[in-house]
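Content type TSV, C-alpha atoms and all ligand atoms, from the file upload34.tsv:
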```
chain	number	residue	atom	x	y	z
J	272	MET	CA	128.14	103.00	104.09
J	273	THR	CA	131.60	101.79	103.18
J	274	LYS	CA	133.55	103.94	100.72
J	275	PHE	CA	134.87	100.84	98.96
J	276	ASP	CA	133.53	98.94	96.01
J	277	HIS	CA	132.25	95.68	97.56
J	278	LYS	CA	133.33	93.47	94.68
J	279	GLN	CA	136.87	94.86	94.73
J	280	LEU	CA	137.07	94.51	98.51
J	281	ARG	CA	135.78	90.92	98.34
J	282	ASN	CA	138.36	90.13	95.65
J	283	ALA	CA	141.13	91.62	97.79
J	284	PHE	CA	140.01	89.67	100.90
J	285	GLY	CA	139.75	86.57	98.71
J	286	THR	CA	143.49	86.59	97.95
J	287	PHE	CA	144.02	85.26	101.49
J	288	MET	CA	144.06	81.47	101.12
J	289	THR	CA	142.00	79.62	103.70
J	290	GLY	CA	140.68	76.15	104.40
J	291	VAL	CA	136.99	75.28	104.12
J	292	THR	CA	134.75	74.24	107.00
J	293	VAL	CA	131.15	73.20	107.50
J	294	VAL	CA	129.73	74.66	110.71
J	295	THR	CA	126.88	72.63	112.17
J	296	THR	CA	124.33	72.83	114.92
J	297	TRP	CA	120.75	71.73	115.56
J	298	GLU	CA	117.48	73.53	116.04
J	299	SER	CA	115.49	73.10	119.25
J	300	SER	CA	113.02	71.03	117.20
J	301	GLY	CA	115.93	68.61	116.60
J	302	ILE	CA	116.57	69.49	112.94
J	303	PRO	CA	120.32	69.57	112.09
J	304	ARG	CA	121.53	72.79	110.41
J	305	GLY	CA	124.83	73.66	108.76
J	306	PHE	CA	126.59	75.99	106.36
J	307	THR	CA	129.95	76.25	104.60
J	308	ALA	CA	132.37	78.79	106.07
J	309	ASN	CA	135.96	79.76	105.32
J	310	SER	CA	136.05	82.44	108.04
J	311	PHE	CA	137.30	79.93	110.61
J	312	THR	CA	140.17	81.05	112.86
J	313	SER	CA	141.75	79.39	115.85
J	314	VAL	CA	141.83	81.97	118.63
J	315	SER	CA	143.22	80.67	121.94
J	316	LEU	CA	144.79	77.51	123.37
J	317	ASP	CA	143.92	78.18	127.00
J	318	PRO	CA	140.99	78.38	127.14
J	319	ALA	CA	140.54	76.56	123.80
J	320	LEU	CA	138.66	79.07	121.64
J	321	LEU	CA	137.90	79.38	117.94
J	322	LEU	CA	135.72	81.65	115.84
J	323	ILE	CA	133.70	81.76	112.67
J	324	CYS	CA	131.85	84.69	111.10
J	325	ILE	CA	128.23	84.36	109.96
J	326	ASP	CA	126.52	86.67	107.52
J	327	LYS	CA	123.56	88.36	109.20
J	328	GLY	CA	121.56	87.47	106.09
J	329	ALA	CA	122.08	83.70	106.55
J	330	GLU	CA	118.89	81.76	107.17
J	331	SER	CA	120.50	79.93	110.06
J	332	ILE	CA	121.84	83.05	111.84
J	333	ASP	CA	119.42	82.79	114.79
J	334	VAL	CA	119.96	79.07	115.24
J	335	PHE	CA	123.72	79.60	115.50
J	336	THR	CA	123.75	82.77	117.62
J	337	GLN	CA	121.13	81.53	120.08
J	338	GLY	CA	122.01	77.82	120.21
J	339	GLU	CA	123.98	76.22	123.03
J	340	GLY	CA	126.86	75.32	120.77
J	341	PHE	CA	128.10	74.29	117.34
J	342	ALA	CA	130.69	72.08	115.64
J	343	VAL	CA	133.30	73.09	113.06
J	344	ASN	CA	134.16	70.38	110.49
J	345	ILE	CA	137.40	71.04	108.55
J	346	LEU	CA	136.84	69.64	105.05
J	347	ALA	CA	139.31	67.29	103.35
J	348	GLU	CA	140.45	67.95	99.78
J	349	ASP	CA	138.03	65.42	98.27
J	350	GLN	CA	135.04	67.18	99.86
J	351	ILE	CA	134.39	69.94	97.31
J	352	ASP	CA	130.89	68.51	96.80
J	353	THR	CA	130.21	68.76	100.54
J	354	SER	CA	131.33	72.38	100.52
J	355	GLY	CA	128.95	73.15	97.65
J	356	LEU	CA	126.13	71.26	99.32
J	357	PHE	CA	126.37	73.17	102.60
J	358	ALA	CA	126.70	76.49	100.77
J	359	SER	CA	123.36	75.76	99.09
J	360	LYS	CA	119.84	76.26	100.40
J	361	ARG	CA	118.91	72.58	99.97
J	362	ALA	CA	116.70	71.27	102.73
J	363	ASP	CA	118.07	67.72	102.39
J	364	LYS	CA	121.78	68.53	103.03
J	365	TYR	CA	122.05	65.96	105.79
J	366	ASP	CA	120.51	63.20	103.66
J	367	LEU	CA	123.37	63.51	101.17
J	368	VAL	CA	126.36	63.11	103.50
J	369	LYS	CA	127.38	60.64	106.17
J	370	TRP	CA	127.40	62.14	109.67
J	371	LYS	CA	126.82	61.40	113.32
J	372	TYR	CA	125.96	63.38	116.46
J	373	SER	CA	128.72	64.59	118.80
J	374	ASP	CA	128.37	64.03	122.55
J	375	THR	CA	126.76	67.47	122.80
J	376	GLY	CA	124.41	66.79	119.89
J	377	ASN	CA	126.08	68.72	117.04
J	378	PRO	CA	126.44	67.02	113.64
J	379	LEU	CA	129.96	65.73	112.80
J	380	LEU	CA	130.62	64.93	109.14
J	381	ASP	CA	132.44	61.78	107.99
J	382	GLY	CA	135.74	62.06	106.10
J	383	VAL	CA	136.80	65.47	107.43
J	384	CYS	CA	140.37	66.44	108.45
J	385	ALA	CA	139.28	67.51	111.90
J	386	TRP	CA	136.26	68.50	113.90
J	387	PHE	CA	135.82	70.72	116.95
J	388	ASP	CA	132.73	70.42	119.08
J	389	CYS	CA	132.08	73.73	120.83
J	390	LYS	CA	129.97	75.40	123.48
J	391	ARG	CA	128.88	78.95	122.54
J	392	ASN	CA	131.25	81.35	124.28
J	393	GLN	CA	130.55	84.83	122.83
J	394	VAL	CA	128.59	86.39	119.99
J	395	VAL	CA	130.16	89.63	118.76
J	396	ASP	CA	128.32	92.02	116.47
J	397	ALA	CA	130.58	92.96	113.54
J	398	GLY	CA	129.10	94.98	110.69
J	399	ASP	CA	127.13	92.78	108.29
J	400	HIS	CA	128.42	89.65	110.05
J	401	VAL	CA	128.35	88.21	113.55
J	402	ILE	CA	131.50	86.69	115.06
J	403	LEU	CA	130.64	83.46	116.80
J	404	ILE	CA	133.25	82.36	119.34
J	405	GLY	CA	133.14	78.79	120.56
J	406	GLU	CA	134.90	77.03	123.42
J	407	VAL	CA	136.14	73.61	122.31
J	408	GLN	CA	134.63	70.75	124.34
J	409	SER	CA	136.19	67.93	122.32
J	410	PHE	CA	138.03	67.57	119.00
J	411	HIS	CA	139.46	64.99	116.62
J	412	HIS	CA	141.88	65.15	113.70
J	413	THR	CA	143.00	62.74	110.97
J	414	ASP	CA	145.78	62.44	108.33
J	415	GLU	CA	143.58	63.80	105.53
J	416	THR	CA	144.87	66.85	103.64
J	417	GLY	CA	142.65	69.88	103.93
J	418	LEU	CA	140.77	71.51	101.07
J	419	GLY	CA	141.99	75.03	100.27
J	420	TYR	CA	140.11	78.08	99.05
J	421	ALA	CA	141.48	81.25	97.41
J	422	ARG	CA	140.19	83.86	94.96
J	423	GLY	CA	136.76	82.22	94.92
J	424	GLY	CA	138.09	78.80	93.84
J	425	TYR	CA	139.13	75.58	95.53
J	426	VAL	CA	142.78	74.68	95.92
J	427	ASN	CA	143.80	71.04	96.01
J	428	LEU	CA	147.42	70.73	97.13
J	429	THR	CA	147.80	67.10	96.02
J	430	LEU	CA	146.84	68.04	92.46
J	431	GLU	CA	149.30	70.91	92.46
J	432	GLN	CA	152.08	68.75	93.90
J	433	THR	CA	151.61	66.08	91.22
J	434	ALA	CA	152.07	68.72	88.55
J	435	LEU	CA	155.07	70.17	90.35
J	436	GLN	CA	156.78	66.78	90.59
J	437	ALA	CA	156.21	66.18	86.90
J	438	ALA	CA	157.76	69.57	86.12
J	439	GLU	CA	160.77	68.71	88.25
J	440	GLY	CA	161.21	65.52	86.19
J	441	GLY	CA	162.47	67.81	83.43
J	442	SER	CA	160.45	66.24	80.62
J	443	ASP	CA	158.05	67.96	78.30
J	444	VAL	CA	154.73	67.94	80.17
J	445	VAL	CA	151.20	68.05	78.76
J	446	VAL	CA	148.48	68.80	81.30
J	447	GLY	CA	144.93	68.00	80.27
J	448	ALA	CA	141.47	67.48	81.69
J	449	ILE	CA	138.56	65.11	81.27
J	450	VAL	CA	135.83	67.70	81.78
J	451	THR	CA	132.42	66.15	82.32
J	452	HIS	CA	128.87	67.31	82.65
J	453	GLU	CA	126.04	64.84	83.27
J	454	ASN	CA	127.76	61.82	81.70
J	455	ARG	CA	129.18	63.81	78.80
J	456	ILE	CA	132.82	64.67	78.06
J	457	LEU	CA	134.15	67.93	76.66
J	458	PHE	CA	136.21	67.69	73.45
J	459	VAL	CA	137.99	70.42	71.53
J	460	GLU	CA	137.56	70.08	67.76
J	461	ASP	CA	140.33	70.86	65.29
J	462	GLU	CA	138.69	73.18	62.75
J	463	ASP	CA	140.78	71.91	59.81
J	464	THR	CA	140.75	68.15	60.37
J	465	GLY	CA	137.60	67.72	62.49
J	466	MET	CA	139.63	65.56	64.90
J	467	LEU	CA	138.81	65.72	68.61
J	468	ARG	CA	141.12	66.12	71.57
J	469	LEU	CA	140.80	66.76	75.26
J	470	PRO	CA	141.53	70.32	76.45
J	471	ALA	CA	145.21	70.50	77.44
J	472	SER	CA	148.08	72.89	77.96
J	473	GLY	CA	151.73	72.89	78.88
J	474	LEU	CA	152.76	73.22	82.47
J	475	ASP	CA	153.54	76.51	84.14
J	476	GLU	CA	157.31	75.79	84.33
J	477	SER	CA	158.15	78.36	86.96
J	478	SER	CA	155.68	77.17	89.56
J	479	GLY	CA	154.51	73.79	88.26
J	480	SER	CA	150.99	75.02	88.84
J	481	LEU	CA	147.84	74.40	86.83
J	482	LYS	CA	147.53	78.06	85.83
J	483	LYS	CA	147.94	77.35	82.12
J	484	LEU	CA	145.32	74.59	82.15
J	485	HIS	CA	142.91	76.89	83.98
J	486	ALA	CA	143.58	79.56	81.34
J	487	VAL	CA	142.81	77.10	78.50
J	488	LEU	CA	139.59	75.99	80.21
J	489	ASN	CA	138.57	79.61	80.85
J	490	SER	CA	139.19	80.45	77.19
J	491	LEU	CA	136.61	77.81	76.26
J	492	GLY	CA	134.05	79.87	78.17
J	493	ILE	CA	133.07	77.04	80.50
J	494	GLY	CA	133.34	77.27	84.28
J	495	VAL	CA	135.34	74.23	85.36
J	496	SER	CA	136.31	72.80	88.73
J	497	ILE	CA	139.29	70.38	88.64
J	498	THR	CA	138.64	67.59	91.12
J	499	SER	CA	141.39	64.94	91.05
J	500	VAL	CA	144.32	63.38	89.19
J	501	TYR	CA	143.18	60.68	86.76
J	502	SER	CA	146.20	59.57	84.78
J	503	VAL	CA	149.93	60.25	84.75
J	504	PHE	CA	151.85	58.54	81.95
J	505	GLU	CA	154.89	58.98	79.77
J	506	ASN	CA	155.15	58.58	76.05
J	507	GLU	CA	158.49	56.78	75.98
J	508	ARG	CA	159.27	57.57	72.34
J	509	ASP	CA	159.51	61.32	72.75
J	510	ALA	CA	159.87	61.48	76.57
J	511	GLN	CA	156.68	63.47	76.83
J	512	GLN	CA	154.84	63.27	80.13
J	513	PHE	CA	151.04	63.50	80.32
J	514	ILE	CA	148.96	64.39	83.36
J	515	TYR	CA	145.19	64.22	83.02
J	516	TYR	CA	142.84	65.51	85.68
J	517	ARG	CA	139.15	64.86	86.20
J	518	ALA	CA	137.12	68.05	86.16
J	519	LYS	CA	133.50	69.11	86.24
J	520	ALA	CA	131.85	71.78	84.15
J	521	VAL	CA	130.10	74.07	86.59
J	522	SER	CA	128.41	76.47	84.16
J	523	ASP	CA	125.07	75.73	82.57
J	524	ASP	CA	126.23	76.89	79.19
J	525	ILE	CA	126.88	73.40	77.86
J	526	ASP	CA	126.79	73.05	74.11
J	527	GLY	CA	127.60	70.54	71.36
J	528	ARG	CA	131.24	70.25	72.44
J	529	PHE	CA	130.17	67.70	75.06
J	530	TRP	CA	129.83	64.11	73.84
J	531	SER	CA	127.82	61.46	75.62
J	532	LEU	CA	130.00	58.68	77.09
J	533	ASP	CA	128.20	56.07	74.98
J	534	ALA	CA	128.50	58.05	71.73
J	535	ILE	CA	132.16	59.11	71.65
J	536	PRO	CA	133.37	59.10	68.00
J	537	TRP	CA	136.52	57.10	68.68
J	538	GLU	CA	137.70	57.35	65.04
J	539	ARG	CA	138.01	61.12	65.47
J	540	ILE	CA	140.46	60.84	68.39
J	541	SER	CA	143.99	60.48	67.05
J	542	SER	CA	145.94	59.95	70.27
J	543	GLU	CA	146.06	56.24	71.13
J	544	PRO	CA	147.03	56.71	74.83
J	545	VAL	CA	144.16	59.19	75.23
J	546	LYS	CA	141.76	56.68	73.66
J	547	VAL	CA	142.90	53.96	76.07
J	548	MET	CA	142.52	56.34	79.00
J	549	LEU	CA	139.03	57.42	77.92
J	550	LYS	CA	137.90	53.82	77.44
J	551	ARG	CA	138.96	53.14	81.02
J	552	TYR	CA	137.11	56.28	82.08
J	553	CYS	CA	133.87	55.17	80.37
J	554	LYS	CA	134.10	51.76	82.03
J	555	GLU	CA	134.73	53.26	85.47
J	556	ALA	CA	132.02	55.91	85.13
J	557	SER	CA	129.33	53.24	85.23
J	558	SER	CA	130.48	52.05	88.67
J	559	GLN	CA	131.70	55.45	89.89
J	560	LEU	CA	134.89	53.76	91.05
J	561	PHE	CA	137.64	55.76	89.43
J	562	GLY	CA	141.25	54.61	89.37
J	563	VAL	CA	144.37	56.70	89.16
J	564	TYR	CA	146.88	55.46	86.55
J	565	PHE	CA	150.60	55.95	86.92
J	566	GLY	CA	152.92	54.49	84.32
J	567	SER	CA	154.05	54.56	80.71
J	568	GLU	CA	151.63	54.65	77.80
J	569	ARG	CA	151.95	50.86	77.61
J	570	ASP	CA	152.06	49.61	81.16
J	571	GLY	CA	151.51	50.95	84.63
J	572	ASP	CA	149.41	50.59	87.72
J	573	VAL	CA	145.86	51.67	88.33
J	574	THR	CA	144.99	52.48	91.92
J	575	THR	CA	141.26	52.36	92.44
J	576	LEU	CA	139.67	54.96	94.63
J	577	ALA	CA	136.13	55.02	95.94
J	578	THR	CA	134.70	58.42	95.12
J	579	ASN	CA	131.85	60.36	96.60
J	580	ASP	CA	130.81	61.97	93.33
J	581	SER	CA	127.18	62.51	94.08
J	582	GLU	CA	124.56	64.77	92.57
J	583	SER	CA	123.67	64.74	88.93
J	584	ASP	CA	127.17	64.73	87.47
J	585	ASN	CA	128.85	61.40	87.02
J	586	GLY	CA	132.30	62.82	86.26
G	601	LIG	C1	133.92	78.36	100.35
G	601	LIG	C2	132.77	79.10	101.01
G	601	LIG	C3	133.00	79.81	102.18
G	601	LIG	C4	131.96	80.48	102.82
G	601	LIG	N1	132.21	81.13	103.99
G	601	LIG	C5	131.21	81.73	104.65
G	601	LIG	C6	131.42	82.33	105.93
G	601	LIG	O1	132.54	82.31	106.45
G	601	LIG	N2	130.37	82.91	106.56
G	601	LIG	C7	129.11	82.93	106.01
G	601	LIG	O2	128.20	83.47	106.63
G	601	LIG	N3	128.86	82.37	104.79
G	601	LIG	C8	129.87	81.75	104.12
G	601	LIG	N4	129.63	81.14	102.92
G	601	LIG	C9	128.28	81.20	102.36
G	601	LIG	C10	127.33	80.22	103.07
G	601	LIG	O3	127.83	78.91	103.08
G	601	LIG	C11	125.96	80.22	102.34
G	601	LIG	O4	125.49	81.54	102.24
G	601	LIG	C12	124.92	79.36	103.03
G	601	LIG	O5	123.85	79.23	102.15
G	601	LIG	C13	124.37	79.94	104.29
G	601	LIG	O6	123.40	79.01	104.76
G	601	LIG	P1	121.96	79.41	105.28
G	601	LIG	O7	121.56	80.71	104.60
G	601	LIG	O8	121.08	78.24	104.86
G	601	LIG	O9	122.10	79.54	106.74
G	601	LIG	C14	130.65	80.47	102.26
G	601	LIG	C15	130.42	79.75	101.09
G	601	LIG	C16	131.47	79.08	100.47
G	601	LIG	C17	131.21	78.30	99.21
```

Output the file's structure as structure tokens, nothing else.
Ligand SMILES: Cc1cc2nc3c(=O)[nH]c(=O)nc-3n(C[C@H](O)[C@H](O)[C@H](O)COP(=O)(O)O)c2cc1C
Amino acid sequence: MTKFDHKQLRNAFGTFMTGVTVVTTWESSGIPRGFTANSFTSVSLDPALLLICIDKGAESIDVFTQGEGFAVNILAEDQIDTSGLFASKRADKYDLVKWKYSDTGNPLLDGVCAWFDCKRNQVVDAGDHVILIGEVQSFHHTDETGLGYARGGYVNLTLEQTALQAAEGGSDVVVGAIVTHENRILFVEDEDTGMLRLPASGLDESSGSLKKLHAVLNSLGIGVSITSVYSVFENERDAQQFIYYRAKAVSDDIDGRFWSLDAIPWERISSEPVKVMLKRYCKEASSQLFGVYFGSERDGDVTTLATNDSESDNG
């Protein structure tokens, strides 16, 4: 029995920022298996070795420790959904992502930063986990930026950098979020006037990080995961810069503060640029092709991105 409080120890371990991987293999019956892991470590160049740690309680523990090999897929920053999917117990994981078999028969996921196809090298017993060491047989890497993970939350470096650059611009910056849950958007209501606005904060000037926005979202009592930049524009009159992110509510405690996309009370939103942005959002939500807007409140460019927002949420 450890003398430490497990929650405290997990929190302390969790301060170490990692990437996120999906480790895959296949059962002898031919069924592909996989789970999300951030315990990946490169070990040796010659021979080429890597490791991951598997919880002894994982359903797939035997498949991984007894199988001939496995593949490690390093997730890109737009693959938060894939991380969640492979951390779940869903039986249809492989129906919801694009993938192909490696030469040795392990599943390789599309859109990842890198993959390593491995032969099982050693299985080391280690407390409540097993360390699985693999010898790399082949690998591939791309220009994608990796998804980060720290303190139990995802870290998206591109989002953070956008905020940092805005902070460096020296203008007054407002950072807000379009938080969605099943085709509904979160609004904050002004108690005196009844007007609605999107949750927003200032920027954390010292680091340019999204800490303040996270604090505002936490204070609303809704678990939120920020997924991507949606709009960056400047109000030229008062040199105020706005950065809006897309975000998903992850808690089930969704109440009347969420408004259906087709029933937004536009007359209760006072900010014209926010109205224009939300109208674009509603239009794009129907096709799931979201653009990113950079410009002034009057004119700018929209870059359209194909998204892989799957599951029930259309945010
Ligand atoms: C970001 C993240 C990292 C994780 N890292 C690990 C890990 O390194 N080892 C592990 O055993 N489980 C890890 N998990 C939990 C597994 O993905 C999860 O328990 C999964 O359901 C196990 O699959 P299985 O029980 O179907 O085999 C992680 C989950 C997340 C979301």

>> So, with only C-alpha atoms as the atoms that count, which of J:Ile332, J:Leu322, J:Ile345, J:Ala362 lies closest to J:Cys389?
In response: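 Distance minimum relative to J:Cys389 lands on J:Leu322.
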
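Closest approach to ligand LIG 601 (chain G) from the set J:Val500, J:Leu484, J:Ala510, J:Val291 is made by J:Val291, with distances taken over only C-alpha atoms and all ligand atoms.
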
Please, which residues in chain J fall within 9 Å of ligand LIG 601 (chain G) when counting only C-alpha atoms and all ligand atoms, and what is the closest atom pair and distance in Å to one decimal for each, ordered by chain then residue number, as a tab-separated table?
```
residue	atom	partner	partner_atom	distance
J:Thr289	CA	G:LIG601	C1	8.8
J:Gly290	CA	G:LIG601	C1	8.2
J:Val291	CA	G:LIG601	C1	5.8
J:Thr292	CA	G:LIG601	C3	7.6
J:Val293	CA	G:LIG601	O3	7.9
J:Val294	CA	G:LIG601	O3	8.9
J:Arg304	CA	G:LIG601	O9	7.7
J:Gly305	CA	G:LIG601	O9	6.8
J:Phe306	CA	G:LIG601	O3	4.6
J:Thr307	CA	G:LIG601	O3	3.7
J:Ala308	CA	G:LIG601	N1	3.1
J:Asn309	CA	G:LIG601	N1	4.2
J:Ser310	CA	G:LIG601	O1	3.9
J:Phe311	CA	G:LIG601	O1	6.8
J:Ile323	CA	G:LIG601	O1	6.4
J:Cys324	CA	G:LIG601	N2	5.1
J:Ile325	CA	G:LIG601	O2	3.4
J:Asp326	CA	G:LIG601	O2	3.7
J:Lys327	CA	G:LIG601	O2	7.2
J:Gly328	CA	G:LIG601	O7	6.9
J:Ala329	CA	G:LIG601	O7	3.6
J:Glu330	CA	G:LIG601	O7	3.9
J:Ser331	CA	G:LIG601	O9	3.7
J:Ile332	CA	G:LIG601	O9	6.2
J:Val334	CA	G:LIG601	O9	8.8
J:Phe335	CA	G:LIG601	O9	8.9
J:Ile351	CA	G:LIG601	C1	9.0
J:Ser354	CA	G:LIG601	C17	6.1
J:Gly355	CA	G:LIG601	C17	5.8
J:Leu356	CA	G:LIG601	C17	8.7
J:Phe357	CA	G:LIG601	O3	5.9
J:Ala358	CA	G:LIG601	O3	3.5
J:Ser359	CA	G:LIG601	O5	4.7
J:Lys360	CA	G:LIG601	O8	5.0
J:Arg361	CA	G:LIG601	O8	7.8
J:Ala362	CA	G:LIG601	O8	8.5
J:His400	CA	G:LIG601	O2	7.1
J:Val401	CA	G:LIG601	O2	8.4
J:Gly419	CA	G:LIG601	C1	8.7
J:Tyr420	CA	G:LIG601	C1	6.3
J:Ala421	CA	G:LIG601	C1	8.6
J:Gly423	CA	G:LIG601	C1	7.2
J:Gly424	CA	G:LIG601	C1	7.7
J:Tyr425	CA	G:LIG601	C1	7.6
```

For stretch 274-286 of chain J, what centre and edge lengths in Å (one decimal) does the axis-aligned box get once 5 Å is added on each side of all its listed atoms, as JSON?
```
{"center_x": 137.9, "center_y": 95.3, "center_z": 97.8, "size_x": 21.2, "size_y": 27.4, "size_z": 16.2}
```

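Note that the spacing between atom CA of J:Ala448 and atom CA of J:Cys384 amounts to 26.8 Å.
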
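Closest approach to J:Ser542 among J:Asn506, J:Lys483, J:Trp370, J:Phe387 is made by J:Asn506 (distances from only C-alpha atoms).
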
> With all atoms listed in the file as the atoms that count, which of J:Leu280, J:Ala534, J:Met466, J:Leu367 lies nearest to J:Arg422?
Replying inline: J:Leu280

>> Residues near J:Ser313, anyone? I mean within 10 Å using all atoms listed in the file, not counting same-chain ones fewer than 2 positions away, as a PyMOL selection string.
In response: chain J and resi 311+315-316+319-323+404-405

> Could you work out how far atom CA of J:Lys369 lies from atom CA of J:Ser299, giving the answer in Å with one decimal?
Replying inline: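 Going from atom CA of J:Ser299 over to atom CA of J:Lys369, I get 21.6 Å.
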
> Interatomic distance between atom CA of J:Pro544 and atom CA of J:Ala471?
Replying inline: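 That distance, rounded to one decimal, is 14.2 Å.
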
> Of the candidates J:Ser522, J:Ser502, J:Ser541, J:Thr416, which one gets nearest to J:Glu348 if we count only C-alpha atoms?
Replying inline: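 Using only C-alpha atoms, the shortest distance to J:Glu348 belongs to J:Thr416.
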
> Hey, which of J:Arg528, J:Arg539, J:Arg281, J:Lys546 ends up closest to J:Gly492? Count all atoms listed in the file.
Replying inline: J:Arg528

>> Counting only C-alpha atoms, which residues sit no farther than 10 Å from the position (144.2, 64.3, 110.2) in the file's frame? I'd like them as a VMD selection string.
In response: chain J and resid 345 347 382 to 386 411 to 417
